[in-house]
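J.: Sharing a structure here in C-alpha cells format.
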Amino acid sequence: MADALQGQVAIVTGAGGGLGRAQAAALAAEGALVVVHDRNRETAATCAEAIVKAGGAAEVVVGNVTDNADFRKAAADIEHRHGRIDILVNNAGIGGGQAFEDVNEALFDEIFRINAKAPFFAAQAVIAGMKQRRHGRIINISSLVALRGTANNPHYAGSKAALIGFARCWALEYAPFNICVNTVAPSFIATPMATNFFSAEDIARRGQANPMGRLATPDDVAKLVTFLAGPGADFITGQTLSANGGEYVNAM
Ligand SMILES: NC(=O)c1ccc[n+]([C@@H]2O[C@H](COP(=O)([O-])OP(=O)(O)OC[C@H]3O[C@@H](n4cnc5c(N)ncnc54)[C@H](O)[C@@H]3O)[C@@H](O)[C@H]2O)c1
C-alpha cells in the first residue's frame with residue numbers, strides 16, 4: 001500500500017463495473033477510503049470486498065446516480081461520517097451503439113440522463129464541502145469517441161462530450177478553491193459495456209488496429225485517474241487526458 005491519498009475519501013460511481021472497479025482499487029491502494037457507488041449491489045459488494053482483502057478501506061453505497069436527491073443525501077452522509085469528500089470520479093455510464101436514425105427520444109434522454117445529467121448533479125452534491133476545505137478533485141470519465149467521433153453512436157459521443165465541457169467550466173469556477181477538475185477519455189476497453197455490443201472478432205480487430213497492438217485496459221485508465229487524484233496533479237485542471245495507445249493521433 002502506498003500513501004499518496006492517505007486520509008482522503010473518494011467516491012467512485014459505477015464502481016461495480018469494469019473500469020470503476022479498477023479505479024476504486026487503485027485509489028484504495030494509494031490509501032484513500034473508497035466509497036464504492038453503484039446501482040448493482042452485488043458487483044459493488046464484490047469490489048469493496050476485494051479492496052478490503054488487499055488491505056485497503058472501502059464501503060458500499062447502493063444507488064442510482066440519476067436520482068439526484070438520493071446521491072446528494074448519500075454525499076451528505078459520507079461527509080457527516082468521514083468529515084470529508086476529497087475525490088469524486090464520475091465513472092458510471094451506459095453505452096449506446098445505435099445509428100443516428102435509430103435513436104428515439106427515450107434512448108437519447110436515457111443516455112444523457114445517466115452519462116451527462118447525473119455527473120453534473122453528483123459534482124454539485126460534493127462541491128460545497130470541497131470549497132469549504134479548499135481541496136478537491138473531480139474526474140469525469142468521458143471517451144475517445146467524444147474527441148474524434150464515431151459512426152453509429154452520436155448520442156453516446158454527445159453525452160460524453162458534455163462531460164468535457166462541464167469539466168472545463170468547473171475547473172475555472174473552482175480553481176480559486178484549489179479544486180482541480182479533469183476528464184479522462186479512454187479508447188475502447190473490453191468491459192461488459194463494450195462486449196454487450198460488439199462481437200469477439202470485432203473486439204480483437206480493434207486491438208490489432210491500435211498503434212500499440214492491443215486494447216486499453218481498466219488499469220490503463222485507473223493509473224490515469226489515480227495520477228489526477230494525487231499530488232502529482234496539483235496544478236493540472238481543465239484538461240482532457242486520453243489513454244488510447246496512439247489511436248487519437250493515428251486518426252489525424
Ligand atoms: N468500456 C469502454 O470501452 C469505455 C471506453 C471509454 C469510456 N468508457 C466509460 O467508462 C465508464 C465505465 O464503463 P465500463 O466500461 O466500466 O462499463 P460497465 O458496464 O462495466 O460498468 C458501468 C457501471 O456503472 C453502473 N451504472 C450504470 N448506470 C448506473 C446508474 N444509473 N446508477 C448507478 N450505477 C450505474 C453499472 O451498474 C456498472 O457497474 C462509463 O462512463 C463509460 O462510458 C468506457
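In the C-alpha cells, chains take the letters A, B, ... in the order shown, each chain's residues start at 1, and ligands count up from 1 in the order shown.
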Find the spatial neighbours of Asp38 in chain A, counting only C-alpha atoms, within a cut-off of 9 Å - ignore same-chain residues fewer than 4 positions away - and output them as a list in words.
T.: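 Neighbouring residues, sequence-local ones excluded: Val12, Thr13, Gly14, Ala15, Gly16, Gly17, Thr43, Ala44, Val60, Val61, Val62, Gly63, Asn64, Val65 and Ala92 of chain A.
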J.: Could the residues in this selection be saved with C-alpha atoms as a PDB file, in the first residue's frame?
T.:
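Output (result.pdb):
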```pdb
ATOM      1  CA  VAL A  12     -16.273   6.244  -7.496  1.00  0.00           C
ATOM      2  CA  THR A  13     -19.636   5.926  -9.236  1.00  0.00           C
ATOM      3  CA  GLY A  14     -20.268   2.770 -11.231  1.00  0.00           C
ATOM      4  CA  ALA A  15     -17.511   1.138  -9.204  1.00  0.00           C
ATOM      5  CA  GLY A  16     -19.061  -2.295  -9.610  1.00  0.00           C
ATOM      6  CA  GLY A  17     -18.289  -2.231 -13.343  1.00  0.00           C
ATOM      7  CA  THR A  43     -20.916  -6.120  -8.012  1.00  0.00           C
ATOM      8  CA  ALA A  44     -20.417  -3.177  -5.659  1.00  0.00           C
ATOM      9  CA  VAL A  60     -20.585   0.340  -0.426  1.00  0.00           C
ATOM     10  CA  VAL A  61     -23.324   2.814  -1.251  1.00  0.00           C
ATOM     11  CA  VAL A  62     -26.042   1.377  -3.466  1.00  0.00           C
ATOM     12  CA  GLY A  63     -27.883   3.955  -5.528  1.00  0.00           C
ATOM     13  CA  ASN A  64     -28.917   5.131  -8.939  1.00  0.00           C
ATOM     14  CA  VAL A  65     -26.833   8.145  -9.997  1.00  0.00           C
ATOM     15  CA  ALA A  92     -20.976   5.410 -14.027  1.00  0.00           C
TER      16      ALA A  92
END
```
J.: With only C-alpha atoms and all ligand atoms counted, collect every polymer residue having an atom within 7 Å of ligand 1; state the result as an NGL selection string.
T.: :A and (13-20 or 37-40 or 43 or 63-66 or 91-95 or 114-115 or 141-144 or 185-194)
J.: Find the residues around Gly7 in chain A up to 9 Å (only C-alpha atoms counted), leave out those fewer than 6 positions away in its own chain, and share them as a list in words.
T.: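 These residues fall inside the cut-off: Gly31, Ala32 and Leu33 of chain A.
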J.: For the residues in the current selection, export N, CA and C atoms as a PDB file, in the first residue's frame.
T.:
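Full text of selection19.pdb as output:
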```
ATOM      1  N   GLY A  31      -4.174   4.582  -0.502  1.00  0.00           N
ATOM      2  CA  GLY A  31      -4.511   4.956   0.871  1.00  0.00           C
ATOM      3  C   GLY A  31      -5.864   5.612   1.052  1.00  0.00           C
ATOM      4  N   ALA A  32      -6.584   5.893  -0.041  1.00  0.00           N
ATOM      5  CA  ALA A  32      -7.899   6.545   0.114  1.00  0.00           C
ATOM      6  C   ALA A  32      -8.935   5.560   0.644  1.00  0.00           C
ATOM      7  N   LEU A  33      -9.877   6.072   1.422  1.00  0.00           N
ATOM      8  CA  LEU A  33     -11.072   5.290   1.750  1.00  0.00           C
ATOM      9  C   LEU A  33     -12.003   5.472   0.552  1.00  0.00           C
TER      10      LEU A  33
END
```
J.: Just list the residues in range 16-55 of chain A DSSP gives alpha helix (DSSP H) on the backbone, as a list in words.
T.: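 Selection result, alpha helix (DSSP H) within range 16-55 of chain A: Gly18, Leu19, Gly20, Arg21, Ala22, Gln23, Ala24, Ala25, Ala26, Leu27, Ala28, Ala29, Arg41, Glu42, Thr43, Ala44, Ala45, Thr46, Cys47, Ala48, Glu49, Ala50, Ile51, Val52 and Lys53 of chain A.
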J.: So which one's closest to Phe227 in chain A, A:Ile78, A:Ala200, A:Ala99, A:Val184? Using only C-alpha atoms, please.
T.: A:Val184
J.: I'd like the neighbourhood of Ala24 in chain A as a ChimeraX atom specification, where a residue qualifies if any of its atoms comes within 9 Å (using only C-alpha atoms), though same-chain residues fewer than 5 positions away should be ignored.
T.: /A:10-12,15,19,29,34-36,47-48,51,58,222
J.: Could those residues be written to a file, using N, CA and C atoms, as a PDB file, in the first residue's frame?
T.:
```
ATOM      1  N   ALA A  10     -12.713   9.068  -1.259  1.00  0.00           N
ATOM      2  CA  ALA A  10     -13.040   9.125  -2.687  1.00  0.00           C
ATOM      3  C   ALA A  10     -14.361   8.427  -2.950  1.00  0.00           C
ATOM      4  N   ILE A  11     -15.178   9.004  -3.826  1.00  0.00           N
ATOM      5  CA  ILE A  11     -16.377   8.300  -4.317  1.00  0.00           C
ATOM      6  C   ILE A  11     -16.122   7.943  -5.773  1.00  0.00           C
ATOM      7  N   VAL A  12     -16.329   6.667  -6.098  1.00  0.00           N
ATOM      8  CA  VAL A  12     -16.273   6.244  -7.496  1.00  0.00           C
ATOM      9  C   VAL A  12     -17.660   5.740  -7.861  1.00  0.00           C
ATOM     10  N   ALA A  15     -18.732   1.853  -9.606  1.00  0.00           N
ATOM     11  CA  ALA A  15     -17.511   1.138  -9.204  1.00  0.00           C
ATOM     12  C   ALA A  15     -17.676  -0.377  -9.203  1.00  0.00           C
ATOM     13  N   LEU A  19     -14.437  -0.617 -15.499  1.00  0.00           N
ATOM     14  CA  LEU A  19     -13.434   0.437 -15.255  1.00  0.00           C
ATOM     15  C   LEU A  19     -13.468   0.927 -13.820  1.00  0.00           C
ATOM     16  N   ALA A  29      -5.460   1.602  -3.100  1.00  0.00           N
ATOM     17  CA  ALA A  29      -4.063   1.176  -2.963  1.00  0.00           C
ATOM     18  C   ALA A  29      -3.153   2.359  -2.643  1.00  0.00           C
ATOM     19  N   VAL A  34     -12.377   4.378  -0.077  1.00  0.00           N
ATOM     20  CA  VAL A  34     -13.157   4.482  -1.307  1.00  0.00           C
ATOM     21  C   VAL A  34     -14.614   4.106  -1.068  1.00  0.00           C
ATOM     22  N   VAL A  35     -15.498   5.017  -1.452  1.00  0.00           N
ATOM     23  CA  VAL A  35     -16.926   4.717  -1.438  1.00  0.00           C
ATOM     24  C   VAL A  35     -17.274   4.139  -2.806  1.00  0.00           C
ATOM     25  N   VAL A  36     -17.647   2.880  -2.775  1.00  0.00           N
ATOM     26  CA  VAL A  36     -17.985   2.137  -3.990  1.00  0.00           C
ATOM     27  C   VAL A  36     -19.465   2.373  -4.263  1.00  0.00           C
ATOM     28  N   CYS A  47     -16.553  -5.592  -5.327  1.00  0.00           N
ATOM     29  CA  CYS A  47     -15.472  -4.612  -5.482  1.00  0.00           C
ATOM     30  C   CYS A  47     -14.917  -4.195  -4.111  1.00  0.00           C
ATOM     31  N   ALA A  48     -15.833  -3.862  -3.190  1.00  0.00           N
ATOM     32  CA  ALA A  48     -15.395  -3.418  -1.855  1.00  0.00           C
ATOM     33  C   ALA A  48     -14.680  -4.552  -1.114  1.00  0.00           C
ATOM     34  N   ILE A  51     -11.128  -4.870  -2.253  1.00  0.00           N
ATOM     35  CA  ILE A  51     -10.285  -3.780  -1.731  1.00  0.00           C
ATOM     36  C   ILE A  51      -9.868  -4.074  -0.291  1.00  0.00           C
ATOM     37  N   ALA A  58     -12.805   0.410   2.165  1.00  0.00           N
ATOM     38  CA  ALA A  58     -13.894   0.663   1.213  1.00  0.00           C
ATOM     39  C   ALA A  58     -15.231   0.474   1.889  1.00  0.00           C
ATOM     40  N   ALA A 222      -7.248   3.410 -14.753  1.00  0.00           N
ATOM     41  CA  ALA A 222      -7.130   3.583 -13.297  1.00  0.00           C
ATOM     42  C   ALA A 222      -5.844   4.333 -12.926  1.00  0.00           C
TER      43      ALA A 222
END
```
J.: Please determine, counting only C-alpha atoms, which residue among A:Ala28, A:Ile138, A:Ala76, A:Ile236 has the shortest atom-to-atom distance to Gln6 in chain A.
T.: A:Ala28
J.: Near Ala123 in chain A, within 9 Å and counting only C-alpha atoms, which residues show up once chain neighbours fewer than 5 positions away are dropped, as a PyMOL selection string?
T.: chain A and resi 88+90+118+138
J.: From the options A:Cys180, A:Val221, A:Ile111, A:Val249, which residue's atoms come nearest to Phe235 in chain A, counting only C-alpha atoms?
T.: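 The shortest atom-to-atom distance to Phe235 in chain A comes from A:Cys180.
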J.: Could you make a table, as a tab-separated table, of the residues of range 114-226 of chain A that have an atom within 12 Å of an atom of range 79-82 of chain A, each with its nearest atom pair and distance in Å to one decimal, counting only C-alpha atoms, in chain and number order?
T.:
```
residue	atom	partner	partner_atom	distance
A:Ala125	CA	A:Glu79	CA	10.7
A:Val126	CA	A:Glu79	CA	8.9
A:Ile127	CA	A:Glu79	CA	11.5
A:Ala128	CA	A:Glu79	CA	10.9
A:Gly129	CA	A:Glu79	CA	7.9
A:Met130	CA	A:Glu79	CA	10.3
A:Gln132	CA	A:Glu79	CA	12.0
A:Arg133	CA	A:Glu79	CA	11.5
```
J.: Of the candidates A:Gln98, A:Asn196, A:Thr240, A:Asn182, which shows the shortest atom-to-atom distance to Tyr156 in chain A, using only C-alpha atoms?
T.: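 Under the stated criterion, the closest residue is A:Gln98.
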J.: If you count only C-alpha atoms, which residues fall within 12 Å of Asn210 in chain A, apart from same-chain ones fewer than 2 positions away, as a compact mmCIF listing (two decimals) with N, CA and C atoms, in the first residue's frame?
T.:
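Ended up saving to around13.txt:
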```txt
# COMPACT_ATOMS: atom_id res chain seq x y z
N SER A 187 -9.87 5.04 -24.86
CA SER A 187 -10.32 4.32 -26.06
C SER A 187 -11.06 3.05 -25.61
N PHE A 188 -11.46 2.27 -26.57
CA PHE A 188 -12.29 1.08 -26.35
C PHE A 188 -11.64 0.08 -25.37
N ILE A 189 -12.43 -0.41 -24.44
CA ILE A 189 -11.96 -1.39 -23.45
C ILE A 189 -12.99 -2.52 -23.38
N ILE A 203 -13.87 -7.06 -31.49
CA ILE A 203 -13.04 -6.58 -30.38
C ILE A 203 -11.57 -6.90 -30.67
N ALA A 204 -11.30 -8.11 -31.17
CA ALA A 204 -9.92 -8.50 -31.49
C ALA A 204 -9.36 -7.59 -32.59
N ARG A 205 -10.19 -7.28 -33.57
CA ARG A 205 -9.77 -6.42 -34.68
C ARG A 205 -9.41 -5.02 -34.17
N ARG A 206 -10.19 -4.52 -33.24
CA ARG A 206 -9.92 -3.20 -32.68
C ARG A 206 -8.56 -3.16 -31.98
N GLY A 207 -8.26 -4.24 -31.26
CA GLY A 207 -6.97 -4.31 -30.57
C GLY A 207 -5.82 -4.30 -31.56
N GLN A 208 -5.97 -5.09 -32.61
CA GLN A 208 -4.90 -5.17 -33.62
C GLN A 208 -4.71 -3.84 -34.33
N MET A 212 -0.51 0.45 -30.63
CA MET A 212 0.22 -0.38 -29.67
C MET A 212 -0.17 -1.85 -29.77
N GLY A 213 -1.06 -2.16 -30.68
CA GLY A 213 -1.40 -3.56 -30.94
C GLY A 213 -2.25 -4.23 -29.89
N ARG A 214 -2.87 -3.42 -29.04
CA ARG A 214 -3.76 -4.01 -28.02
C ARG A 214 -4.81 -2.98 -27.64
N LEU A 215 -5.85 -3.47 -26.97
CA LEU A 215 -6.87 -2.56 -26.43
C LEU A 215 -6.38 -1.93 -25.15
N ALA A 216 -6.97 -0.80 -24.79
CA ALA A 216 -6.75 -0.23 -23.45
C ALA A 216 -7.32 -1.20 -22.41
N ALA A 243 -6.20 7.92 -22.49
CA ALA A 243 -5.39 6.70 -22.59
C ALA A 243 -5.89 5.96 -23.81
N ASN A 244 -5.13 6.01 -24.91
CA ASN A 244 -5.64 5.41 -26.15
C ASN A 244 -4.58 4.71 -26.99
N GLY A 245 -3.35 4.58 -26.49
CA GLY A 245 -2.32 3.84 -27.22
C GLY A 245 -1.94 4.45 -28.56
N GLY A 246 -2.30 5.73 -28.76
CA GLY A 246 -1.94 6.39 -30.02
C GLY A 246 -3.07 6.42 -31.03
N GLU A 247 -4.23 5.88 -30.64
CA GLU A 247 -5.35 5.81 -31.57
C GLU A 247 -5.81 7.19 -32.02
N TYR A 248 -5.75 8.16 -31.14
CA TYR A 248 -6.23 9.51 -31.47
C TYR A 248 -5.36 10.15 -32.54
N VAL A 249 -4.05 10.13 -32.34
CA VAL A 249 -3.18 10.77 -33.34
C VAL A 249 -3.14 9.95 -34.63
N ASN A 250 -3.34 8.66 -34.52
CA ASN A 250 -3.35 7.79 -35.70
C ASN A 250 -4.49 8.17 -36.64
N ALA A 251 -5.56 8.70 -36.07
CA ALA A 251 -6.74 9.03 -36.88
C ALA A 251 -6.61 10.40 -37.53
```
J.: Apply DSSP to the structure's backbone, then extract all residues of range 43-171 of chain A labelled strand (DSSP E or B) and return them as a ChimeraX atom specification.
T.: /A:57-62,87-90,136-141
J.: What gap, in Å, lies between CA of Asp77 in chain A and CA of Glu110 in chain A?
T.: 27.3 Å
